[in-house]
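Have a look at the structure below before the remarks.
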Amino acid sequence: MTEEQKYDVKRMFDGWEIRRYPAHLVAEVDVHGPFDEAVNRGFRILAGFIFGENTGRTKVAMTAPVVQELAAEKISMTAPVVQESDGDEHVVAFVMPAEYTMETLPHPTDSKVRIREVPASLAAVRRFSGRSSEEKFADQLAGLLSRLQEHPELVLIGSPRYARFDPPWKPGFLRRNEVIVPVEPKRP
């Protein structure tokens, strides 16, 4: 069974929730191209890393989700700043199994793959099923952002991430997808 990224649900709302994610490692790659193609290109490069294209020639267990975000799309003024983007630069990432640290995870031999530690964070998350597409993620993001406007105690602090949990052969109605937006409590 595929390991899924751990989190604690802090608060549940109708159709979305607030989660606390612990610090974790990701293997990530920058990919140029349309949204729906970028995840496939990034997946192939990252799959090479977890299937043994690394310094230890070690297989690293596949985890879920596969995460995608626009490389230059930013929401808040705190970190990072809003920038314009043509929408064709993406970062695709695999969350690494929780057992690894920066010291124990094999290093990629492909220079396009980088390993990064993601600090613990709070996020608003909207889960949905079906086949994922740029349009579907955009609709779900708009719905989540609309709900967040009803909660001024939460401040957006980063780029939205798009998470896919299932292989392409799984029927659409059984697929799990999520839109994840980093937030923090508003400071007085």
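Order determines the names: the first chain of the structure tokens is A, the second B, and so forth; residues in each chain are numbered 1 upward, and ligands are numbered 1 upward as they are shown.
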Within 6 Å of range 58-73 of chain A, which residues of range 122-188 of chain A show up? Give each one with its shortest atom-to-atom distance in Å (one decimal) and the two atoms involved, counting only C-alpha atoms, rows by chain then rising residue number, as a Markdown table.
| residue | atom | partner | partner_atom | distance |
| --- | --- | --- | --- | --- |
| A:Arg161 | CA | A:Glu69 | CA | 4.8 |
| A:Tyr162 | CA | A:Gln68 | CA | 5.1 |
| A:Ala163 | CA | A:Val67 | CA | 4.5 |
| A:Arg164 | CA | A:Pro65 | CA | 5.2 |
| A:Phe165 | CA | A:Pro65 | CA | 4.5 |
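Near Gly130 in chain A, within 7 Å and counting only C-alpha atoms, sit A:Gly172, A:Phe173, A:Leu174, A:Arg175; same-chain residues fewer than 4 positions away were not included.
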What would the file look like if the residues just selected were written as a PDB file, in the first residue's frame with all heavy atoms?
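In the end it all went to selection.pdb:
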ATOM      1  N   GLY A 172     -12.052   7.508 -12.799  1.00  0.00           N
ATOM      2  CA  GLY A 172     -12.149   8.893 -12.358  1.00  0.00           C
ATOM      3  C   GLY A 172     -12.962   9.102 -11.098  1.00  0.00           C
ATOM      4  O   GLY A 172     -12.581   9.861 -10.213  1.00  0.00           O
ATOM      5  N   PHE A 173     -14.114   8.416 -10.985  1.00  0.00           N
ATOM      6  CA  PHE A 173     -14.977   8.647  -9.829  1.00  0.00           C
ATOM      7  C   PHE A 173     -14.354   8.148  -8.534  1.00  0.00           C
ATOM      8  O   PHE A 173     -14.783   8.525  -7.447  1.00  0.00           O
ATOM      9  CB  PHE A 173     -16.363   8.022 -10.053  1.00  0.00           C
ATOM     10  CG  PHE A 173     -16.364   6.515 -10.076  1.00  0.00           C
ATOM     11  CD1 PHE A 173     -16.645   5.790  -8.922  1.00  0.00           C
ATOM     12  CD2 PHE A 173     -16.088   5.824 -11.250  1.00  0.00           C
ATOM     13  CE1 PHE A 173     -16.651   4.408  -8.944  1.00  0.00           C
ATOM     14  CE2 PHE A 173     -16.093   4.437 -11.283  1.00  0.00           C
ATOM     15  CZ  PHE A 173     -16.372   3.720 -10.123  1.00  0.00           C
ATOM     16  N   LEU A 174     -13.299   7.325  -8.619  1.00  0.00           N
ATOM     17  CA  LEU A 174     -12.608   6.832  -7.428  1.00  0.00           C
ATOM     18  C   LEU A 174     -11.340   7.621  -7.107  1.00  0.00           C
ATOM     19  O   LEU A 174     -10.701   7.381  -6.088  1.00  0.00           O
ATOM     20  CB  LEU A 174     -12.228   5.357  -7.617  1.00  0.00           C
ATOM     21  CG  LEU A 174     -13.387   4.360  -7.693  1.00  0.00           C
ATOM     22  CD1 LEU A 174     -12.871   2.969  -8.008  1.00  0.00           C
ATOM     23  CD2 LEU A 174     -14.178   4.371  -6.392  1.00  0.00           C
ATOM     24  N   ARG A 175     -10.971   8.532  -7.971  1.00  0.00           N
ATOM     25  CA  ARG A 175      -9.725   9.279  -7.778  1.00  0.00           C
ATOM     26  C   ARG A 175      -9.866  10.354  -6.711  1.00  0.00           C
ATOM     27  O   ARG A 175     -10.898  11.001  -6.602  1.00  0.00           O
ATOM     28  CB  ARG A 175      -9.285   9.938  -9.078  1.00  0.00           C
ATOM     29  CG  ARG A 175      -8.768   8.956 -10.076  1.00  0.00           C
ATOM     30  CD  ARG A 175      -8.168   9.688 -11.226  1.00  0.00           C
ATOM     31  NE  ARG A 175      -7.800   8.756 -12.270  1.00  0.00           N
ATOM     32  CZ  ARG A 175      -7.139   9.101 -13.340  1.00  0.00           C
ATOM     33  NH1 ARG A 175      -6.774  10.354 -13.518  1.00  0.00           N
ATOM     34  NH2 ARG A 175      -6.839   8.208 -14.245  1.00  0.00           N
TER      35      ARG A 175
END
If we count only C-alpha atoms, what is near range 119-128 of chain A at a cut-off of 6 Å, once residues fewer than 4 positions away on the same chain are taken out, given as an MDAnalysis selection string? chainID A and resid 16:23 177:183
Mind dumping the selected residues with N, CA, C and O atoms as a PDB file, in the first residue's frame?
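Contents of the output file part39.pdb:
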ATOM      1  N   TRP A  16     -14.344  21.591   3.114  1.00  0.00           N
ATOM      2  CA  TRP A  16     -12.913  21.869   3.206  1.00  0.00           C
ATOM      3  C   TRP A  16     -12.473  21.760   4.656  1.00  0.00           C
ATOM      4  O   TRP A  16     -13.291  21.639   5.556  1.00  0.00           O
ATOM      5  N   GLU A  17     -11.158  21.785   4.863  1.00  0.00           N
ATOM      6  CA  GLU A  17     -10.635  21.669   6.215  1.00  0.00           C
ATOM      7  C   GLU A  17      -9.301  22.389   6.355  1.00  0.00           C
ATOM      8  O   GLU A  17      -8.655  22.716   5.355  1.00  0.00           O
ATOM      9  N   ILE A  18      -8.918  22.617   7.597  1.00  0.00           N
ATOM     10  CA  ILE A  18      -7.611  23.174   7.922  1.00  0.00           C
ATOM     11  C   ILE A  18      -6.762  22.023   8.438  1.00  0.00           C
ATOM     12  O   ILE A  18      -7.189  21.282   9.326  1.00  0.00           O
ATOM     13  N   ARG A  19      -5.559  21.879   7.868  1.00  0.00           N
ATOM     14  CA  ARG A  19      -4.649  20.798   8.258  1.00  0.00           C
ATOM     15  C   ARG A  19      -3.305  21.356   8.701  1.00  0.00           C
ATOM     16  O   ARG A  19      -2.854  22.373   8.190  1.00  0.00           O
ATOM     17  N   ARG A  20      -2.668  20.630   9.591  1.00  0.00           N
ATOM     18  CA  ARG A  20      -1.282  20.906   9.989  1.00  0.00           C
ATOM     19  C   ARG A  20      -0.437  19.779   9.398  1.00  0.00           C
ATOM     20  O   ARG A  20      -0.657  18.614   9.688  1.00  0.00           O
ATOM     21  N   TYR A  21       0.500  20.164   8.524  1.00  0.00           N
ATOM     22  CA  TYR A  21       1.434  19.210   7.933  1.00  0.00           C
ATOM     23  C   TYR A  21       2.760  19.293   8.683  1.00  0.00           C
ATOM     24  O   TYR A  21       3.257  20.393   8.934  1.00  0.00           O
ATOM     25  N   PRO A  22       3.355  18.153   9.022  1.00  0.00           N
ATOM     26  CA  PRO A  22       4.678  18.201   9.660  1.00  0.00           C
ATOM     27  C   PRO A  22       5.749  18.523   8.617  1.00  0.00           C
ATOM     28  O   PRO A  22       5.505  18.424   7.410  1.00  0.00           O
ATOM     29  N   ALA A  23       6.938  18.889   9.089  1.00  0.00           N
ATOM     30  CA  ALA A  23       8.064  19.074   8.165  1.00  0.00           C
ATOM     31  C   ALA A  23       8.265  17.768   7.405  1.00  0.00           C
ATOM     32  O   ALA A  23       8.061  16.673   7.951  1.00  0.00           O
ATOM     33  N   ASN A 177      -8.222  13.908  -5.374  1.00  0.00           N
ATOM     34  CA  ASN A 177      -7.429  15.088  -5.705  1.00  0.00           C
ATOM     35  C   ASN A 177      -7.653  16.115  -4.608  1.00  0.00           C
ATOM     36  O   ASN A 177      -8.692  16.103  -3.940  1.00  0.00           O
ATOM     37  N   GLU A 178      -6.698  17.025  -4.451  1.00  0.00           N
ATOM     38  CA  GLU A 178      -6.854  18.077  -3.464  1.00  0.00           C
ATOM     39  C   GLU A 178      -6.236  19.380  -3.957  1.00  0.00           C
ATOM     40  O   GLU A 178      -5.242  19.359  -4.678  1.00  0.00           O
ATOM     41  N   VAL A 179      -6.850  20.475  -3.552  1.00  0.00           N
ATOM     42  CA  VAL A 179      -6.274  21.804  -3.711  1.00  0.00           C
ATOM     43  C   VAL A 179      -5.833  22.202  -2.312  1.00  0.00           C
ATOM     44  O   VAL A 179      -6.610  22.112  -1.356  1.00  0.00           O
ATOM     45  N   ILE A 180      -4.569  22.641  -2.190  1.00  0.00           N
ATOM     46  CA  ILE A 180      -3.983  22.959  -0.892  1.00  0.00           C
ATOM     47  C   ILE A 180      -3.452  24.395  -0.942  1.00  0.00           C
ATOM     48  O   ILE A 180      -2.675  24.730  -1.832  1.00  0.00           O
ATOM     49  N   VAL A 181      -3.874  25.221   0.018  1.00  0.00           N
ATOM     50  CA  VAL A 181      -3.441  26.612   0.071  1.00  0.00           C
ATOM     51  C   VAL A 181      -2.837  26.883   1.450  1.00  0.00           C
ATOM     52  O   VAL A 181      -3.533  26.745   2.458  1.00  0.00           O
ATOM     53  N   PRO A 182      -1.559  27.267   1.511  1.00  0.00           N
ATOM     54  CA  PRO A 182      -0.937  27.577   2.806  1.00  0.00           C
ATOM     55  C   PRO A 182      -1.616  28.797   3.460  1.00  0.00           C
ATOM     56  O   PRO A 182      -1.869  29.801   2.796  1.00  0.00           O
ATOM     57  N   VAL A 183      -1.890  28.674   4.748  1.00  0.00           N
ATOM     58  CA  VAL A 183      -2.512  29.762   5.513  1.00  0.00           C
ATOM     59  C   VAL A 183      -1.831  29.886   6.869  1.00  0.00           C
ATOM     60  O   VAL A 183      -1.059  29.011   7.275  1.00  0.00           O
TER      61      VAL A 183
END
Run DSSP on the backbone and give me the residues of range 2-184 of chain A it puts in helix (DSSP H, G or I), as a VMD selection string. chain A and resid 35 to 50 134 to 149 172 to 174
Atoms to include: N, CA and C atoms. Write the selected residues as a compact mmCIF listing (two decimals), in the first residue's frame.
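Result written to again-v8.txt:
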# COMPACT_ATOMS: atom_id res chain seq x y z
N PHE A 35 -0.15 22.94 -18.06
CA PHE A 35 -0.48 22.36 -16.76
C PHE A 35 -0.67 20.86 -16.81
N ASP A 36 -1.56 20.41 -17.69
CA ASP A 36 -1.92 18.99 -17.73
C ASP A 36 -0.79 18.09 -18.24
N GLU A 37 0.15 18.63 -19.00
CA GLU A 37 1.30 17.84 -19.47
C GLU A 37 2.45 17.89 -18.47
N ALA A 38 2.55 18.99 -17.71
CA ALA A 38 3.68 19.18 -16.80
C ALA A 38 3.76 18.08 -15.76
N VAL A 39 2.62 17.67 -15.22
CA VAL A 39 2.66 16.64 -14.18
C VAL A 39 3.19 15.33 -14.73
N ASN A 40 2.85 15.00 -15.98
CA ASN A 40 3.34 13.75 -16.57
C ASN A 40 4.84 13.82 -16.83
N ARG A 41 5.31 14.96 -17.32
CA ARG A 41 6.75 15.12 -17.56
C ARG A 41 7.52 15.06 -16.25
N GLY A 42 7.04 15.78 -15.26
CA GLY A 42 7.69 15.78 -13.95
C GLY A 42 7.67 14.41 -13.31
N PHE A 43 6.56 13.71 -13.44
CA PHE A 43 6.43 12.37 -12.87
C PHE A 43 7.49 11.44 -13.43
N ARG A 44 7.69 11.48 -14.74
CA ARG A 44 8.67 10.58 -15.37
C ARG A 44 10.08 10.84 -14.83
N ILE A 45 10.45 12.11 -14.68
CA ILE A 45 11.78 12.45 -14.18
C ILE A 45 11.93 11.99 -12.73
N LEU A 46 10.92 12.28 -11.91
CA LEU A 46 10.99 11.92 -10.49
C LEU A 46 10.91 10.41 -10.29
N ALA A 47 10.17 9.71 -11.16
CA ALA A 47 10.11 8.25 -11.07
C ALA A 47 11.49 7.65 -11.26
N GLY A 48 12.29 8.22 -12.15
CA GLY A 48 13.66 7.74 -12.31
C GLY A 48 14.42 7.79 -11.01
N PHE A 49 14.27 8.90 -10.27
CA PHE A 49 14.95 9.04 -8.98
C PHE A 49 14.51 7.95 -8.00
N ILE A 50 13.20 7.74 -7.83
CA ILE A 50 12.76 6.77 -6.82
C ILE A 50 12.98 5.33 -7.26
N GLU A 134 -6.45 21.08 -15.44
CA GLU A 134 -6.22 22.46 -15.04
C GLU A 134 -7.54 23.15 -14.71
N GLU A 135 -8.54 22.94 -15.55
CA GLU A 135 -9.84 23.57 -15.34
C GLU A 135 -10.49 23.10 -14.04
N LYS A 136 -10.44 21.82 -13.78
CA LYS A 136 -11.06 21.29 -12.57
C LYS A 136 -10.34 21.80 -11.32
N PHE A 137 -9.00 21.82 -11.35
CA PHE A 137 -8.26 22.35 -10.22
C PHE A 137 -8.57 23.84 -10.03
N ALA A 138 -8.66 24.60 -11.12
CA ALA A 138 -8.96 26.03 -11.03
C ALA A 138 -10.34 26.26 -10.41
N ASP A 139 -11.32 25.46 -10.79
CA ASP A 139 -12.66 25.57 -10.21
C ASP A 139 -12.63 25.26 -8.71
N GLN A 140 -11.92 24.21 -8.34
CA GLN A 140 -11.83 23.84 -6.93
C GLN A 140 -11.07 24.89 -6.12
N LEU A 141 -10.02 25.46 -6.70
CA LEU A 141 -9.28 26.53 -6.04
C LEU A 141 -10.18 27.74 -5.83
N ALA A 142 -10.94 28.12 -6.85
CA ALA A 142 -11.85 29.26 -6.72
C ALA A 142 -12.86 29.02 -5.60
N GLY A 143 -13.38 27.81 -5.52
CA GLY A 143 -14.33 27.48 -4.45
C GLY A 143 -13.68 27.56 -3.08
N LEU A 144 -12.46 27.07 -2.96
CA LEU A 144 -11.75 27.13 -1.67
C LEU A 144 -11.45 28.57 -1.29
N LEU A 145 -10.96 29.36 -2.23
CA LEU A 145 -10.65 30.77 -1.94
C LEU A 145 -11.90 31.54 -1.54
N SER A 146 -13.02 31.22 -2.15
CA SER A 146 -14.29 31.84 -1.80
C SER A 146 -14.66 31.52 -0.35
N ARG A 147 -14.49 30.27 0.03
CA ARG A 147 -14.79 29.87 1.41
C ARG A 147 -13.83 30.53 2.40
N LEU A 148 -12.57 30.68 2.00
CA LEU A 148 -11.59 31.31 2.87
C LEU A 148 -11.91 32.78 3.12
N GLN A 149 -12.55 33.45 2.17
CA GLN A 149 -12.94 34.85 2.36
C GLN A 149 -13.92 35.01 3.51
N GLY A 172 -12.05 7.51 -12.80
CA GLY A 172 -12.15 8.89 -12.36
C GLY A 172 -12.96 9.10 -11.10
N PHE A 173 -14.11 8.42 -10.99
CA PHE A 173 -14.98 8.65 -9.83
C PHE A 173 -14.35 8.15 -8.53
N LEU A 174 -13.30 7.33 -8.62
CA LEU A 174 -12.61 6.83 -7.43
C LEU A 174 -11.34 7.62 -7.11
Hey, what's within 8 Å of Asp110 in chain A if we count only C-alpha atoms and toss same-chain stuff fewer than 3 positions away? As a ChimeraX atom specification, please? /A:49,53-54,113
Enumerate as a PyMOL selection string all residues of chain A assigned to strand (DSSP E) by DSSP on the backbone, naming them with the chain letters and numbers the document uses. chain A and resi 3-4+8-13+16-21+24-32+63-64+66-70+89-95+114-118+121-129+154-156+161-164+176-185
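Candidate residues A:Arg116, A:Ser129, A:Thr55, A:Pro185 were compared for distance to Val155 in chain A, and the nearest is A:Pro185, using only C-alpha atoms.
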So how far away is CA of Tyr7 in chain A from CA of Glu28 in chain A, in Å?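 CA of Tyr7 in chain A lies 20.0 Å from CA of Glu28 in chain A.
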Residues near Tyr100 in chain A, anyone? I mean within 12 Å using only C-alpha atoms, not counting same-chain ones fewer than 4 positions away, as a ChimeraX atom specification. /A:23-27,60-61,95-96,104-107,115-117
What does the distance between CA of Arg114 in chain A and CA of Val31 in chain A come to in Å, to one decimal place?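 If I compute the distance from CA of Arg114 in chain A to CA of Val31 in chain A, I get 12.5 Å.
Straight-line separation from CA of His32 in chain A to CA of Pro171 in chain A: 27.6 Å.
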From A:Pro152, A:Pro34, A:Pro97, A:Gly158, residue lying nearest Thr2 in chain A [only C-alpha atoms]: A:Pro97
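Using only C-alpha atoms, the shortest contact distance between Asp88 in chain A and any of A:Arg11, A:Leu156, A:Gly33, A:Trp169 is found at A:Gly33.
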Determine the nearest neighbour of Val118 in chain A from the options A:Ala93, A:Arg57, A:Glu99, A:Pro188, counting only C-alpha atoms. A:Ala93
